[in-house]
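Worksheet: one structure, shown below.
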Amino acid sequence: MNKSESIASLSKALVIAQSQFKHVPMNSTNPFYKSKYADLGAVIESSKAILKDNGLAVSQLVEGESGQVGITTILIHESGEFISSTVSIPVEGNNIAQESGKAITYLRRYGLASILGMYADEDTDAHKEERSITDEAKKLGAVEKKKNPPVPLDNVPQMSLDLAQSVMTSKMKKYGDCDNEELRWMFNSILEREPTEETALKKTAIQTILLSRQAK
């Protein structure tokens with residue numbers, strides 16, 4: 001995350017704005033999992049008037065290199081103070097332009113909702129079977145917790161730790177509040193799904209958190 005030398009005025013304005021944000025309507029459906037989410041337009045419409053009233057604005061810049069596309073989301077206060085966060089994911093497929101467009105839309109929605117503290121997703125991290133490893137072991141009568149393969153931490157796509165930790169499970173638990181074993185379990189659950197921009201983003205979030213913990 002980058003920020004101006006001071007964010008005192010921005011912080012005060014954001015505190016007020018967050019108290020005024022309403023629930024973002026889940027107006028779209030993920031065709032893979034039939035889960036509801038708020039699309040980019042819904043997040044923008046739910047926030048723009050409140051941002052204006054509190055002297056705030058958002059700018060989102062597109063970045064891309066080495067087979068990846070990224071978005072830098074900048075929250076700006078009328079005082080000139082700002083905070084910004086960048087997230088990028090790999091883009092593959094036969095039509096790179098089309099796939100990049102879809103990734104940019106997704107990252108804009110995710111980046112905007114995250115920097116404003118708005119919830120706009122019905123997370124599907126563990127699909128229909130999302131449970132903690134401990135709960136799963138108890139249900140199966142297992143003596144030991146399920147062992148999960150280690151998460152690869154080489155060549156992790158760029159993502160700010162703040163954004164990675166703010167990603168939430170369907171039970172409204174932040175990734176940053178999950179222990180390492182839970183994160184490894186979620187990562188390996190994601191590997192079993194159809195690859196999408198969403199699953200790539202969540203895998204990167206888990207890798208980013210584990211990499212930061214490994215460095216300590």
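How things are named: the first chain in the structure tokens is A, the next is B, and so on; residues count from 1 in each chain; ligands count from 1 in the order shown.
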
So that I can see what lies close to Gly101 in chain A, please list as an mmCIF file with C-alpha atoms, in the first residue's frame the residues with an atom at most 10 Å from it, counting only C-alpha atoms and leaving out residues fewer than 5 positions away in the same chain.
data_model
loop_
_atom_site.group_PDB
_atom_site.id
_atom_site.type_symbol
_atom_site.label_atom_id
_atom_site.label_comp_id
_atom_site.auth_asym_id
_atom_site.auth_seq_id
_atom_site.Cartn_x
_atom_site.Cartn_y
_atom_site.Cartn_z
ATOM 1 C CA VAL A 69 -2.828 -7.385 -15.757
ATOM 2 C CA VAL A 91 -4.031 -13.581 -17.857
ATOM 3 C CA ILE A 96 -5.810 -12.182 -24.421
ATOM 4 C CA TYR A 106 -13.126 -7.929 -11.817
ATOM 5 C CA LEU A 107 -10.071 -6.265 -10.288
#

| query | So how far away is CA of Asn155 in chain A from CA of Ser84 in chain A, in Å? | reply |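 It comes out at 22.8 Å.
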
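Between CA of Lys52 in chain A and CA of Val87 in chain A the separation is 24.9 Å.
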
Give me the residues within 10 Å of Phe187 in chain A as a PDB file with N, CA and C atoms, in the first residue's frame, counting only C-alpha atoms and dropping any in the same chain fewer than 6 places off.
ATOM      1  N   ASP A 125     -15.172 -19.812  -1.091  1.00  0.00           N
ATOM      2  CA  ASP A 125     -13.848 -20.383  -0.869  1.00  0.00           C
ATOM      3  C   ASP A 125     -13.831 -21.889  -0.655  1.00  0.00           C
ATOM      4  N   ALA A 126     -14.775 -22.386   0.096  1.00  0.00           N
ATOM      5  CA  ALA A 126     -14.766 -23.825   0.313  1.00  0.00           C
ATOM      6  C   ALA A 126     -15.942 -24.485  -0.375  1.00  0.00           C
ATOM      7  N   ASN A 148      -2.594 -30.966   4.435  1.00  0.00           N
ATOM      8  CA  ASN A 148      -2.691 -30.371   3.107  1.00  0.00           C
ATOM      9  C   ASN A 148      -1.308 -30.132   2.533  1.00  0.00           C
ATOM     10  N   PRO A 149      -1.170 -30.297   1.218  1.00  0.00           N
ATOM     11  CA  PRO A 149       0.127 -30.023   0.585  1.00  0.00           C
ATOM     12  C   PRO A 149       0.526 -28.576   0.835  1.00  0.00           C
ATOM     13  N   PRO A 150       1.828 -28.303   0.881  1.00  0.00           N
ATOM     14  CA  PRO A 150       2.270 -26.922   1.081  1.00  0.00           C
ATOM     15  C   PRO A 150       1.859 -26.034  -0.075  1.00  0.00           C
ATOM     16  N   VAL A 151       1.667 -24.763   0.211  1.00  0.00           N
ATOM     17  CA  VAL A 151       1.296 -23.786  -0.819  1.00  0.00           C
ATOM     18  C   VAL A 151       2.575 -23.269  -1.483  1.00  0.00           C
ATOM     19  N   PRO A 152       2.655 -23.305  -2.816  1.00  0.00           N
ATOM     20  CA  PRO A 152       3.853 -22.782  -3.490  1.00  0.00           C
ATOM     21  C   PRO A 152       3.996 -21.281  -3.271  1.00  0.00           C
ATOM     22  N   GLU A 181      -2.889 -23.310   8.599  1.00  0.00           N
ATOM     23  CA  GLU A 181      -3.496 -24.556   8.157  1.00  0.00           C
ATOM     24  C   GLU A 181      -4.817 -24.310   7.438  1.00  0.00           C
ATOM     25  N   THR A 199     -10.754 -17.081  -8.683  1.00  0.00           N
ATOM     26  CA  THR A 199      -9.944 -18.072  -7.974  1.00  0.00           C
ATOM     27  C   THR A 199      -8.466 -17.701  -8.017  1.00  0.00           C
ATOM     28  N   LYS A 202      -7.870 -15.115  -5.283  1.00  0.00           N
ATOM     29  CA  LYS A 202      -7.899 -15.678  -3.932  1.00  0.00           C
ATOM     30  C   LYS A 202      -6.656 -16.514  -3.645  1.00  0.00           C
ATOM     31  N   LYS A 203      -6.177 -17.243  -4.657  1.00  0.00           N
ATOM     32  CA  LYS A 203      -4.935 -17.992  -4.483  1.00  0.00           C
ATOM     33  C   LYS A 203      -3.778 -17.041  -4.193  1.00  0.00           C
ATOM     34  N   THR A 204      -3.733 -15.928  -4.926  1.00  0.00           N
ATOM     35  CA  THR A 204      -2.665 -14.952  -4.718  1.00  0.00           C
ATOM     36  C   THR A 204      -2.748 -14.342  -3.323  1.00  0.00           C
ATOM     37  N   ALA A 205      -3.968 -14.086  -2.840  1.00  0.00           N
ATOM     38  CA  ALA A 205      -4.137 -13.530  -1.494  1.00  0.00           C
ATOM     39  C   ALA A 205      -3.573 -14.475  -0.449  1.00  0.00           C
ATOM     40  N   ILE A 206      -3.875 -15.759  -0.573  1.00  0.00           N
ATOM     41  CA  ILE A 206      -3.369 -16.750   0.385  1.00  0.00           C
ATOM     42  C   ILE A 206      -1.849 -16.832   0.318  1.00  0.00           C
ATOM     43  N   GLN A 207      -1.304 -16.865  -0.902  1.00  0.00           N
ATOM     44  CA  GLN A 207       0.149 -16.934  -1.054  1.00  0.00           C
ATOM     45  C   GLN A 207       0.825 -15.705  -0.449  1.00  0.00           C
TER      46      GLN A 207
END

| note | Students should find that CA of Ala49 in chain A and CA of Gln18 in chain A are spaced 12.3 Å

| message | Residues of range 33-83 of chain A classed as strand (DSSP E) by DSSP on the backbone are to be reported as an MDAnalysis selection string. | response | chainID A and resid 35:37 56:65 68:77 82:83

Those selected residues, please, written with C-alpha atoms and delivered as an mmCIF file, in the first residue's frame.
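Below is the file result-v1.cif, written as the result:
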data_model
loop_
_atom_site.group_PDB
_atom_site.id
_atom_site.type_symbol
_atom_site.label_atom_id
_atom_site.label_comp_id
_atom_site.auth_asym_id
_atom_site.auth_seq_id
_atom_site.Cartn_x
_atom_site.Cartn_y
_atom_site.Cartn_z
ATOM 1 C CA SER A 35 -23.442 -17.433 -6.137
ATOM 2 C CA LYS A 36 -24.558 -13.821 -5.943
ATOM 3 C CA TYR A 37 -22.263 -10.821 -6.087
ATOM 4 C CA LEU A 56 -13.504 11.737 -1.616
ATOM 5 C CA ALA A 57 -12.884 10.310 -5.066
ATOM 6 C CA VAL A 58 -11.465 7.102 -6.525
ATOM 7 C CA SER A 59 -9.190 6.642 -9.525
ATOM 8 C CA GLN A 60 -8.257 3.231 -10.933
ATOM 9 C CA LEU A 61 -5.257 2.818 -13.227
ATOM 10 C CA VAL A 62 -4.571 -0.217 -15.421
ATOM 11 C CA GLU A 63 -1.144 -1.870 -15.397
ATOM 12 C CA GLY A 64 0.199 -4.888 -17.216
ATOM 13 C CA GLU A 65 3.377 -6.745 -18.084
ATOM 14 C CA GLN A 68 -0.277 -10.152 -16.048
ATOM 15 C CA VAL A 69 -2.828 -7.385 -15.757
ATOM 16 C CA GLY A 70 -3.228 -5.213 -12.692
ATOM 17 C CA ILE A 71 -5.215 -2.357 -11.217
ATOM 18 C CA THR A 72 -3.982 0.386 -8.908
ATOM 19 C CA THR A 73 -6.887 1.798 -6.911
ATOM 20 C CA ILE A 74 -6.306 5.267 -5.456
ATOM 21 C CA LEU A 75 -8.605 6.783 -2.833
ATOM 22 C CA ILE A 76 -8.144 10.572 -2.930
ATOM 23 C CA HIS A 77 -9.275 13.250 -0.477
ATOM 24 C CA PHE A 82 -4.386 9.589 -0.701
ATOM 25 C CA ILE A 83 -3.968 5.871 -0.147
#
